[in-house]
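Comments concern the structure below.
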Amino acid sequence: LYARYLDRQPNLHEEGVDVAILAGALPDSSLFALKTGQIRRVVCASPAYLARHGTPAHPEELAQHRIIHSSADARLTEWRFQVGGTVRHYPLRPRLSCTTNQGAIQAASHDGGLTRCMSYQVHERLQRGELVEVLQDFGLPELPVHVVYREGRRAAARVRSFVDFAVSRLREHPALR
């Protein structure tokens, strides 16, 4: 079994990929897809940071906060929120820029400021109280997560077995609910 992480949707046919787990809208294609859950972007910080600097009640208050940006989350240093039924862009001046989401999450966990990432990436830290989600009322819609594969019922037994296993495990996982 060979696995790789990509920050784009692969072309399964051209790249020889048997199975992919994709987040977001699916491209129109001949692929078979099974929905396993949903994720969303979250903004979070440590309880100690929020105690010292306050909890933002509106995205406009982000300008007064220490922002930890991850270029793995977004190339631009702006975050989008749904405000009054429309999506608004908020440009940011990060205090720290990281190349990985895990680096940004680690910095936020150590009281460095607010960061934004996908909900599954911080699920356990939120459950343990190491991080606190903020600005939930302004979140963008959830993104569906699908297991996709090429051959449907004609797929090799090893592919079908993996798809069945992955779908059942992902549907059980609390980070995708």
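Chain labels run A, B, ... following the order of the structure tokens; each chain numbers its residues from 1, and ligands are numbered from 1 in the order shown.
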At a cut-off of 10 Å, can you tabulate as a tab-separated table every residue of segment 36-69 of chain A near segment 19-30 of chain A together with its closest atom pair and the distance in Å to one decimal, using only C-alpha atoms and ordering rows by chain then number?
residue	atom	partner	partner_atom	distance
A:Thr36	CA	A:Ile21	CA	9.2
A:Gly37	CA	A:Ala23	CA	9.4
A:Gln38	CA	A:Ala23	CA	7.8
A:Ile39	CA	A:Ala23	CA	7.7
A:Arg40	CA	A:Ala23	CA	9.6
For those residues, write all heavy atoms to a file as an mmCIF file, in the first residue's frame.
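Written output follows (result_13.cif):
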data_model
loop_
_atom_site.group_PDB
_atom_site.id
_atom_site.type_symbol
_atom_site.label_atom_id
_atom_site.label_comp_id
_atom_site.auth_asym_id
_atom_site.auth_seq_id
_atom_site.Cartn_x
_atom_site.Cartn_y
_atom_site.Cartn_z
ATOM 1 N N THR A 36 -18.352 10.216 3.605
ATOM 2 C CA THR A 36 -17.974 9.679 4.915
ATOM 3 C C THR A 36 -18.190 10.679 6.046
ATOM 4 O O THR A 36 -18.115 10.302 7.211
ATOM 5 C CB THR A 36 -16.498 9.244 4.924
ATOM 6 O OG1 THR A 36 -15.683 10.373 4.610
ATOM 7 C CG2 THR A 36 -16.264 8.132 3.926
ATOM 8 N N GLY A 37 -18.432 11.927 5.739
ATOM 9 C CA GLY A 37 -18.638 12.925 6.790
ATOM 10 C C GLY A 37 -18.431 14.316 6.243
ATOM 11 O O GLY A 37 -18.509 14.541 5.032
ATOM 12 N N GLN A 38 -18.141 15.254 7.131
ATOM 13 C CA GLN A 38 -17.872 16.621 6.728
ATOM 14 C C GLN A 38 -16.872 17.253 7.681
ATOM 15 O O GLN A 38 -16.737 16.832 8.822
ATOM 16 C CB GLN A 38 -19.137 17.469 6.646
ATOM 17 C CG GLN A 38 -19.938 17.562 7.904
ATOM 18 C CD GLN A 38 -20.974 16.453 8.004
ATOM 19 O OE1 GLN A 38 -21.390 15.864 7.014
ATOM 20 N NE2 GLN A 38 -21.372 16.150 9.213
ATOM 21 N N ILE A 39 -16.178 18.268 7.172
ATOM 22 C CA ILE A 39 -15.222 19.037 7.964
ATOM 23 C C ILE A 39 -15.491 20.514 7.704
ATOM 24 O O ILE A 39 -16.263 20.862 6.813
ATOM 25 C CB ILE A 39 -13.763 18.676 7.614
ATOM 26 C CG1 ILE A 39 -13.487 18.899 6.123
ATOM 27 C CG2 ILE A 39 -13.443 17.236 8.026
ATOM 28 C CD1 ILE A 39 -12.039 18.695 5.709
ATOM 29 N N ARG A 40 -14.839 21.368 8.473
ATOM 30 C CA ARG A 40 -14.995 22.810 8.277
ATOM 31 C C ARG A 40 -13.736 23.518 8.736
ATOM 32 O O ARG A 40 -12.930 22.950 9.474
ATOM 33 C CB ARG A 40 -16.211 23.331 9.040
ATOM 34 C CG ARG A 40 -16.157 23.080 10.514
ATOM 35 C CD ARG A 40 -17.532 23.264 11.178
ATOM 36 N NE ARG A 40 -17.473 22.771 12.530
ATOM 37 C CZ ARG A 40 -16.988 23.454 13.565
ATOM 38 N NH1 ARG A 40 -16.552 24.678 13.395
ATOM 39 N NH2 ARG A 40 -16.960 22.931 14.769
#
Listing only residues of segment 71-136 of chain A within 12 Å of segment 43-55 of chain A, what is the closest atom pair and its distance in Å (to one decimal) for each, using only C-alpha atoms, sorted by chain and residue number ascending, as CSV?
residue,atom,partner,partner_atom,distance
A:Asp73,CA,A:Val43,CA,11.7
A:Trp79,CA,A:Val43,CA,9.5
A:Arg80,CA,A:Val43,CA,10.8
A:Phe81,CA,A:Val43,CA,10.4
A:Ala104,CA,A:Ala45,CA,10.3
A:Ile105,CA,A:Ala45,CA,8.5
A:Gln106,CA,A:Ser46,CA,10.1
A:Ala107,CA,A:Ala45,CA,9.2
A:Ala108,CA,A:Ala45,CA,5.4
A:Ser109,CA,A:Ser46,CA,5.3
A:His110,CA,A:Ser46,CA,7.0
A:Asp111,CA,A:Tyr49,CA,4.9
A:Gly112,CA,A:Tyr49,CA,7.0
A:Gly113,CA,A:Ala45,CA,5.8
A:Leu114,CA,A:Ala45,CA,4.7
A:Thr115,CA,A:Val43,CA,5.6
A:Arg116,CA,A:Val43,CA,4.3
A:Cys117,CA,A:Val43,CA,6.7
A:Met118,CA,A:Val43,CA,8.7
A:Ser119,CA,A:Val43,CA,8.9
A:Gln121,CA,A:Cys44,CA,11.3
A:Val122,CA,A:Cys44,CA,8.8
A:His123,CA,A:Cys44,CA,10.9
A:Arg125,CA,A:Ser46,CA,9.5
A:Leu126,CA,A:Cys44,CA,8.7
A:Arg128,CA,A:Ser46,CA,11.2
A:Gly129,CA,A:Pro47,CA,7.7
A:Glu130,CA,A:Ser46,CA,5.9
A:Leu131,CA,A:Ser46,CA,4.4
A:Val132,CA,A:Cys44,CA,5.3
A:Glu133,CA,A:Cys44,CA,4.3
A:Val134,CA,A:Cys44,CA,5.6
A:Leu135,CA,A:Val43,CA,6.8
A:Gln136,CA,A:Val43,CA,7.9
Please save C-alpha atoms of the selected residues as a short mmCIF file (atom, residue, chain, number, x, y, z; two decimals), in the first residue's frame.
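To be explicit, this is the file written out as again-v2.cif:
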data_model
loop_
_atom_site.label_atom_id
_atom_site.label_comp_id
_atom_site.auth_asym_id
_atom_site.auth_seq_id
_atom_site.Cartn_x
_atom_site.Cartn_y
_atom_site.Cartn_z
CA ASP A 73 -4.04 26.39 4.78
CA TRP A 79 -9.44 34.65 6.14
CA ARG A 80 -12.99 34.42 4.81
CA PHE A 81 -16.08 34.45 6.99
CA ALA A 104 0.63 26.76 13.31
CA ILE A 105 -1.49 24.53 15.57
CA GLN A 106 1.49 23.89 17.83
CA ALA A 107 2.20 27.62 18.10
CA ALA A 108 -1.46 28.34 18.94
CA SER A 109 -1.41 25.57 21.56
CA HIS A 110 1.54 27.32 23.20
CA ASP A 111 -0.37 30.60 23.58
CA GLY A 112 1.00 32.20 20.38
CA GLY A 113 -2.30 33.52 19.04
CA LEU A 114 -5.19 32.60 16.76
CA THR A 115 -4.81 30.17 13.89
CA ARG A 116 -7.12 28.71 11.27
CA CYS A 117 -7.15 25.12 10.11
CA MET A 118 -9.49 22.27 9.28
CA SER A 119 -11.63 20.91 12.11
CA GLN A 121 -6.71 18.70 12.46
CA VAL A 122 -7.56 20.11 15.90
CA HIS A 123 -10.42 17.82 16.90
CA ARG A 125 -6.99 19.35 21.05
CA LEU A 126 -10.44 20.94 21.16
CA ARG A 128 -9.02 18.06 25.56
CA GLY A 129 -9.47 21.82 26.04
CA GLU A 130 -5.97 22.68 24.77
CA LEU A 131 -7.56 24.89 22.12
CA VAL A 132 -10.85 26.78 22.01
CA GLU A 133 -12.79 27.50 18.84
CA VAL A 134 -13.82 31.13 18.24
CA LEU A 135 -16.00 32.94 15.70
CA GLN A 136 -18.18 29.85 15.11
#
Among listed residues A:Gly103, A:Leu31, A:Tyr120, A:Ser71, nearest Glu142 of chain A (using only C-alpha atoms):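 Looking at the shortest contact to Glu142 of chain A, the residue is A:Tyr120.
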For Phe32 of chain A: contacts at 8 Å, only C-alpha atoms, fewer than 3 positions along chain excluded, given as a ChimeraX atom specification: /A:148-152
Using only C-alpha atoms: which of A:Arg75, A:Ala156, A:Glu172, A:Val167 has the shortest distance to Asp18 of chain A: A:Ala156
For atom CA of Leu92 of chain A and atom CA of Leu143 of chain A, the interatomic separation in Å (one decimal):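 Separating atom CA of Leu92 of chain A from atom CA of Leu143 of chain A is a distance of 23.5 Å.
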